[in-house]
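Asks: Sharing a structure, written as structure tokens. Questions coming.
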Number of protein chains: 2
Amino acid sequence: MIWIEEIAKYEGKEVEIHGWLYNRRSSGKIHFLTIRDGTGIIQGIVLKDEISPDTFELVDRISQESSIIARGKVKKDDRAPGGYELEIKGILLVHSAEPYPISKKSHGTDFLLSNRHLWIRSRRQYAILRIRGEVTFAIQEFFNSKGFTRLDAPIFTPSACEGTTTLFEVPYFDNKAYLSQSGQLYAEAGCMALGKVYTFGPTFRAEKSKTRRHLTEFWQIEPEIAYANLDDIMKLAENFTTYIIQKVLNKRKEELDILERDTKPLELIKPPFPRITYQEAINLLDKQNKVPKISWGNDFGAPQETYISQQFKLPVFIHRYPAECKAFYMKRDPKDPRLALCVDMIASEEYGEIIGGSRREDELAVLEQRLKEFNIPKESNEWYLDLRRYGSVPHSGFGLGLERLLAWICKSSHIREMIPFPRTIDRISP
Amino acid sequence: MIWIEEIAKYEGKEVEIHGWLYNRRSSGKIHFLTIRDGTGIIQGIVLKDEISPDTFELVDRISQESSIIARGKVKKDDRAPGGYELEIKGILLVHSAEPYPISKKSHGTDFLLSNRHLWIRSRRQYAILRIRGEVTFAIQEFFNSKGFTRLDAPIFTPSACEGTTTLFEVPYFDNKAYLSQSGQLYAEAGCMALGKVYTFGPTFRAEKSKTRRHLTEFWQIEPEIAYANLDDIMKLAENFTTYIIQKVLNKRKEELDILERDTKPLELIKPPFPRITYQEAINLLDKQNKVPKISWGNDFGAPQETYISQQFKLPVFIHRYPAECKAFYMKRDPKDPRLALCVDMIASEEYGEIIGGSRREDELAVLEQRLKEFNIPKESNEWYLDLRRYGSVPHSGFGLGLERLLAWICKSSHIREMIPFPRTIDRISP
């Protein structure tokens, strides 16, 4: 047997494909079968004159999504999707599928999500998951080539990192634990031991908002680097983003075609990305009347991010936000202590924030003061304070939301398509 | 600045290293500094005659784990650990560490685990985490090169996969969810959509046993392949294991040296691994008197696995266990329905089971019967049964416990060293 993905190697040869019937069109003397095997799709031709009458008649009865083994000769055909066709010599029906619930007519979202285990067989979902696979590998390839060590942050944590309102609490034997909202604090400990680290894992937020941009379970990648400053991580973030986009453009062209993704905006992406300060972003907003302006000290919402992103062809870095709208661990700008040394990267094509990073506060006394201001208990963060007691160093890092990055690459308006089995406030199955 | 890992490229040049003071020996006119930067360790020499008196005196006062920037010339020296030395021209003290709690004297395990955020800076823990990083990448490289798509299984699940006694239950808004014990059922859905998939993520078991082999949070890798049988996954497992071991031997030699790992047993590892049936394993045990024998129908415990592993230099596959001691989803052997088409891979050097796999039951009626026998509610598994309604195919897969694999590679007796922040019944911090 061979996989459809490698069909080009077998031109002119007889092969066996193990897959499923995706679609069939028939005329009196010919069946056109679309066969999928999870690595690609190929058109199979069954000619009445070249096959036994029993087999020809069998093919007429094979239902959608039945599993089949097809034997035939590989023929180059530029008109066929994928560029090759299979002249079928024999078909074995492995399992005859019951009437398949997902048809070509449009289904409601809830129905599709309830059938997610089957929906992922559809071309669009298949293409998205193949792109997700490519992106997850490219991310690790990038960091690996730059000497980062992957550091798996724990999921069970004793305390909150990003605010307590969205914490999932878990009964833990006679105690309780919280599901990690971010691996960052652990990545900070990691970079003091391993220099350059990145986390790659699921994180959890009990998001009550039913928006298109929120999941309760989502994957984050969080690099953290000892002795790095804000400029270093902006450079890292733009090289990182470019590497991933290039990899997908090179290796997942077919999948982008299935999604009908216009790749021109992605092809433009290369460093350097524009960098503007929070203040410059405020000024941009002040000059227009399409979206509500923002007064100094407030964070941008989706409308503002969209407007700002429309002013650039590339992703844009907005840096140095007012410290009051950002997290406790961010270092203040020594040139203007009202500001945090932080950066958000807003994707192009109106996809909003996908990366958020900062230099971390490295002075013990200042960090202790911040914990107080943010009402965060000191006891459970003593270990984190230790990082400032024993060889504190300047250090910086960022967090990337995998599903948001993918929504942009795939140009999808629904983040729930970007993960195999999405979890939201009203869905934990299948 | 440069990273110590790439020091060889800078022989004879003056460089700057950003790191921490790991150790110091001093005589009247010379300081030997061991400097670590998270990518390696280098010895720095400070000669009284070649540096300002202030700097020489400063070096004398730098405490362990203080962060320092060292400038100096790179000199090849075969006697030095790593093969290079730094002739120091200048030292900048970035942060003077408080008296460091971890010294060379031996500390209790609980103390070290409570200081895990600092303990990971020690050479042994550093080496283990670098090897872990290499292994996580090698695993994905292997599957990627073989055309597998990574499929992230969900963490929040509606029901149990591996028995209900070790389930973590999480209040989920007005409902409840369970933390995933295994991604396998989702990988099965995935392989029907994508042909060959693997999961790579944390899984959870509320293990009450305080053994050296159990964590409540551990990482599993679970490949699943459509149209694959038991032989196929044994071949995959041996190639996979060999690939990872070779990669670590080639790329993490220095780290294996730090662990004083005798690499000869690892160098032997290449396919094919011996394959014995459960019955043959029983026969082996019957011939000896060192460990308790097992009567047919029971699973092996650690003493039996150890004895069996001692009979081979390579990891050994034990296949076709009695179905009654294995999971509900395993297919029976058509040649002897008392047996499951399953396999455990027992590591060499007495490291016990690290891989468990099987062919999955693909017939709807049989699987429904199994659910009944195992008292598993059918409703929450309807989606899983759907995989047998719509184009069911023979399929097989296995699960690998990452930390157990690492314990073997590192020859450690404690699985808790194999993960950055271990979680056990009595520990969820730091």
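Numbering starts fresh at 1 for the residues of each chain in the structure tokens, the chains themselves are lettered A, B, ... in the order given, and ligands are numbered from 1 as they appear.
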Using backbone DSSP assignments, extract all strand (DSSP E or B) residues from stretch 62-278 of chain A; output them as an NGL selection string.

Replies: :A and (67-76 or 84-95 or 149-150 or 156-157 or 169-172 or 175-179 or 196-204 or 217-226 or 275-277)

Asks: For A:Phe421, work out the shell of residues within 9 Å, counting only C-alpha atoms and skipping chain neighbours fewer than 3 positions away, then give it as a PyMOL selection string.

Replies: (chain A and resi 113+116-117+416-418+428-430) or (chain B and resi 152-154+186)

Asks: Using only C-alpha atoms, which residues sit within 12 Å of B:Glu379 once same-chain residues fewer than 3 positions away are excluded, as a PyMOL selection string?

Replies: (chain A and resi 429-430) or (chain B and resi 158-159+368+371-372+375-376+382-386)

Asks: Could you dump the residues just selected with N, CA and C atoms as a PDB file, in the first residue's frame?

Replies:
ATOM      1  N   SER A 429     -17.624  18.042  24.781  1.00  0.00           N
ATOM      2  CA  SER A 429     -17.655  16.766  24.062  1.00  0.00           C
ATOM      3  C   SER A 429     -17.767  16.990  22.567  1.00  0.00           C
ATOM      4  N   PRO A 430     -17.508  16.070  21.662  1.00  0.00           N
ATOM      5  CA  PRO A 430     -17.071  14.716  22.005  1.00  0.00           C
ATOM      6  C   PRO A 430     -15.655  14.790  22.616  1.00  0.00           C
TER       7      PRO A 430
ATOM      8  N   PRO B 158     -15.354  14.370  28.594  1.00  0.00           N
ATOM      9  CA  PRO B 158     -16.623  14.099  29.275  1.00  0.00           C
ATOM     10  C   PRO B 158     -16.638  12.764  30.021  1.00  0.00           C
ATOM     11  N   SER B 159     -15.645  11.881  29.769  1.00  0.00           N
ATOM     12  CA  SER B 159     -15.705  10.560  30.404  1.00  0.00           C
ATOM     13  C   SER B 159     -14.326   9.944  30.531  1.00  0.00           C
ATOM     14  N   GLU B 368     -19.580  -2.691  21.373  1.00  0.00           N
ATOM     15  CA  GLU B 368     -20.737  -2.421  22.242  1.00  0.00           C
ATOM     16  C   GLU B 368     -20.802  -3.453  23.377  1.00  0.00           C
ATOM     17  N   LEU B 371     -18.144  -2.661  26.025  1.00  0.00           N
ATOM     18  CA  LEU B 371     -18.532  -1.547  26.910  1.00  0.00           C
ATOM     19  C   LEU B 371     -19.426  -2.085  28.027  1.00  0.00           C
ATOM     20  N   LYS B 372     -20.356  -2.960  27.646  1.00  0.00           N
ATOM     21  CA  LYS B 372     -21.244  -3.577  28.632  1.00  0.00           C
ATOM     22  C   LYS B 372     -20.437  -4.364  29.669  1.00  0.00           C
ATOM     23  N   ASN B 375     -18.709  -2.287  32.043  1.00  0.00           N
ATOM     24  CA  ASN B 375     -19.552  -1.320  32.761  1.00  0.00           C
ATOM     25  C   ASN B 375     -19.249   0.127  32.411  1.00  0.00           C
ATOM     26  N   ILE B 376     -19.003   0.390  31.134  1.00  0.00           N
ATOM     27  CA  ILE B 376     -18.712   1.757  30.696  1.00  0.00           C
ATOM     28  C   ILE B 376     -19.976   2.290  30.029  1.00  0.00           C
ATOM     29  N   GLU B 382     -20.817   7.274  22.460  1.00  0.00           N
ATOM     30  CA  GLU B 382     -21.458   7.150  21.147  1.00  0.00           C
ATOM     31  C   GLU B 382     -20.550   7.663  20.023  1.00  0.00           C
ATOM     32  N   TRP B 383     -19.865   8.761  20.301  1.00  0.00           N
ATOM     33  CA  TRP B 383     -18.990   9.331  19.273  1.00  0.00           C
ATOM     34  C   TRP B 383     -17.873   8.348  18.908  1.00  0.00           C
ATOM     35  N   TYR B 384     -17.402   7.622  19.932  1.00  0.00           N
ATOM     36  CA  TYR B 384     -16.320   6.653  19.707  1.00  0.00           C
ATOM     37  C   TYR B 384     -16.862   5.459  18.907  1.00  0.00           C
ATOM     38  N   LEU B 385     -18.097   5.069  19.210  1.00  0.00           N
ATOM     39  CA  LEU B 385     -18.738   3.986  18.452  1.00  0.00           C
ATOM     40  C   LEU B 385     -18.973   4.409  16.997  1.00  0.00           C
ATOM     41  N   ASP B 386     -19.228   5.717  16.791  1.00  0.00           N
ATOM     42  CA  ASP B 386     -19.416   6.232  15.422  1.00  0.00           C
ATOM     43  C   ASP B 386     -18.242   5.863  14.511  1.00  0.00           C
TER      44      ASP B 386
END

Asks: Here is a test: counting only C-alpha atoms, which residue of B:Asp344, B:Glu280, B:Asp174, B:Glu169 is nearest to B:Glu238?

Replies: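 Counting only C-alpha atoms, the residue closest to B:Glu238 is B:Asp344.
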
Asks: Give me, as a PyMOL selection string, all polymer residues having an atom no more than 9 Å from stretch 309-311 of chain A, counting only C-alpha atoms and skipping those fewer than 3 positions away in the same chain.

Replies: chain A and resi 284+304-306+314-316+346-352

Asks: Please report the interatomic distance between atom CA of A:Gly19 and atom CA of A:Ile7 in Å with one decimal.

Replies: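 Computed distance, atom CA of A:Gly19 to atom CA of A:Ile7, equals 13.6 Å.
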
Asks: Give me the residues near stretch 390-393 of chain B as a PyMOL selection string, where near means some atom within 7 Å (using only C-alpha atoms) and where sequence neighbours in that chain fewer than 6 positions away do not count.

Replies: (chain A and resi 20+65-67+94-98+100) or (chain B and resi 226-227+362)

Asks: May I ask which of the residues B:Glu255, B:Pro271, B:Phe328, B:Leu339 is the closest one to B:Gln125, counting only C-alpha atoms?

Replies: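 That would be B:Glu255, the residue with the smallest distance to B:Gln125.
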
Asks: Check stretch 256-327 of chain B with DSSP on the backbone and list each residue it calls helix (DSSP H, G or I), as a list of chain:residue names.

Replies: B:Leu256, B:Asp257, B:Ile258, B:Lys264, B:Pro265, B:Leu266, B:Glu267, B:Tyr278, B:Gln279, B:Glu280, B:Ala281, B:Ile282, B:Asn283, B:Leu284, B:Leu285, B:Asp286, B:Ala302, B:Pro303, B:Gln304, B:Glu305, B:Thr306, B:Tyr307, B:Ile308, B:Ser309, B:Gln310, B:Ala323, B:Glu324, B:Cys325

Asks: Hey, can you check how far atom CA of A:Glu224 sits from atom CA of A:Gly195?

Replies: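 Interatomic distance, atom CA of A:Glu224 to atom CA of A:Gly195: 8.3 Å.
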
Asks: Mind pulling up the distance from atom CA of B:Glu188 to atom CA of B:Ser396?

Replies: 8.4 Å

Asks: Do you know which residues are at most 6 Å from stretch 211-221 of chain B counting only C-alpha atoms, after dropping those on the same chain fewer than 4 positions away, and could you put them as number ranges by chain?

Replies: B: 199-207, 399-402, 414-415, 423-424

Asks: Would you save the residues from that selection as a short mmCIF file (atom, residue, chain, number, x, y, z; two decimals), in the first residue's frame, using C-alpha atoms?

Replies:
data_model
loop_
_atom_site.label_atom_id
_atom_site.label_comp_id
_atom_site.auth_asym_id
_atom_site.auth_seq_id
_atom_site.Cartn_x
_atom_site.Cartn_y
_atom_site.Cartn_z
CA THR B 199 -0.74 13.07 20.23
CA PHE B 200 1.85 14.83 22.37
CA GLY B 201 0.55 16.24 25.60
CA PRO B 202 0.10 16.06 29.35
CA THR B 203 -2.23 13.44 30.79
CA PHE B 204 -3.46 13.05 34.34
CA ARG B 205 -4.04 10.25 36.78
CA ALA B 206 -4.99 10.70 40.42
CA GLU B 207 -2.37 8.15 41.50
CA GLY B 399 1.24 5.03 24.02
CA LEU B 400 4.64 6.05 25.31
CA GLY B 401 5.20 7.54 28.75
CA LEU B 402 7.77 10.29 28.20
CA HIS B 414 13.27 8.61 40.17
CA ILE B 415 10.76 9.63 37.57
CA ARG B 423 3.38 16.69 40.54
CA THR B 424 2.58 13.90 42.96
#

Asks: Hey, which of B:Phe142, B:Gly190, B:Asp333, B:Phe173 ends up closest to A:Lys208? Count only C-alpha atoms.

Replies: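 With only C-alpha atoms as the atom set, the closest residue is B:Phe173.
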
Asks: Of the candidates B:Ile69, B:Met345, B:Val366, B:Ile45, which one gets nearest to chain A if we count only C-alpha atoms?

Replies: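 Smallest separation from chain A among the options: B:Ile69.
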
Asks: So, with only C-alpha atoms as the atoms that count, which of A:Lys146, A:Arg320, A:Arg338, A:Lys75 lies closest to chain B?

Replies: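 Going through A:Lys146, A:Arg320, A:Arg338, A:Lys75 one by one, the smallest distance to chain B is for A:Lys146.
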
Asks: Quick one: residues within 10 Å of A:Gly12, only C-alpha atoms, excluding same-chain residues fewer than 5 positions away - as an MDAnalysis selection string?

Replies: chainID A and resid 72:76 86
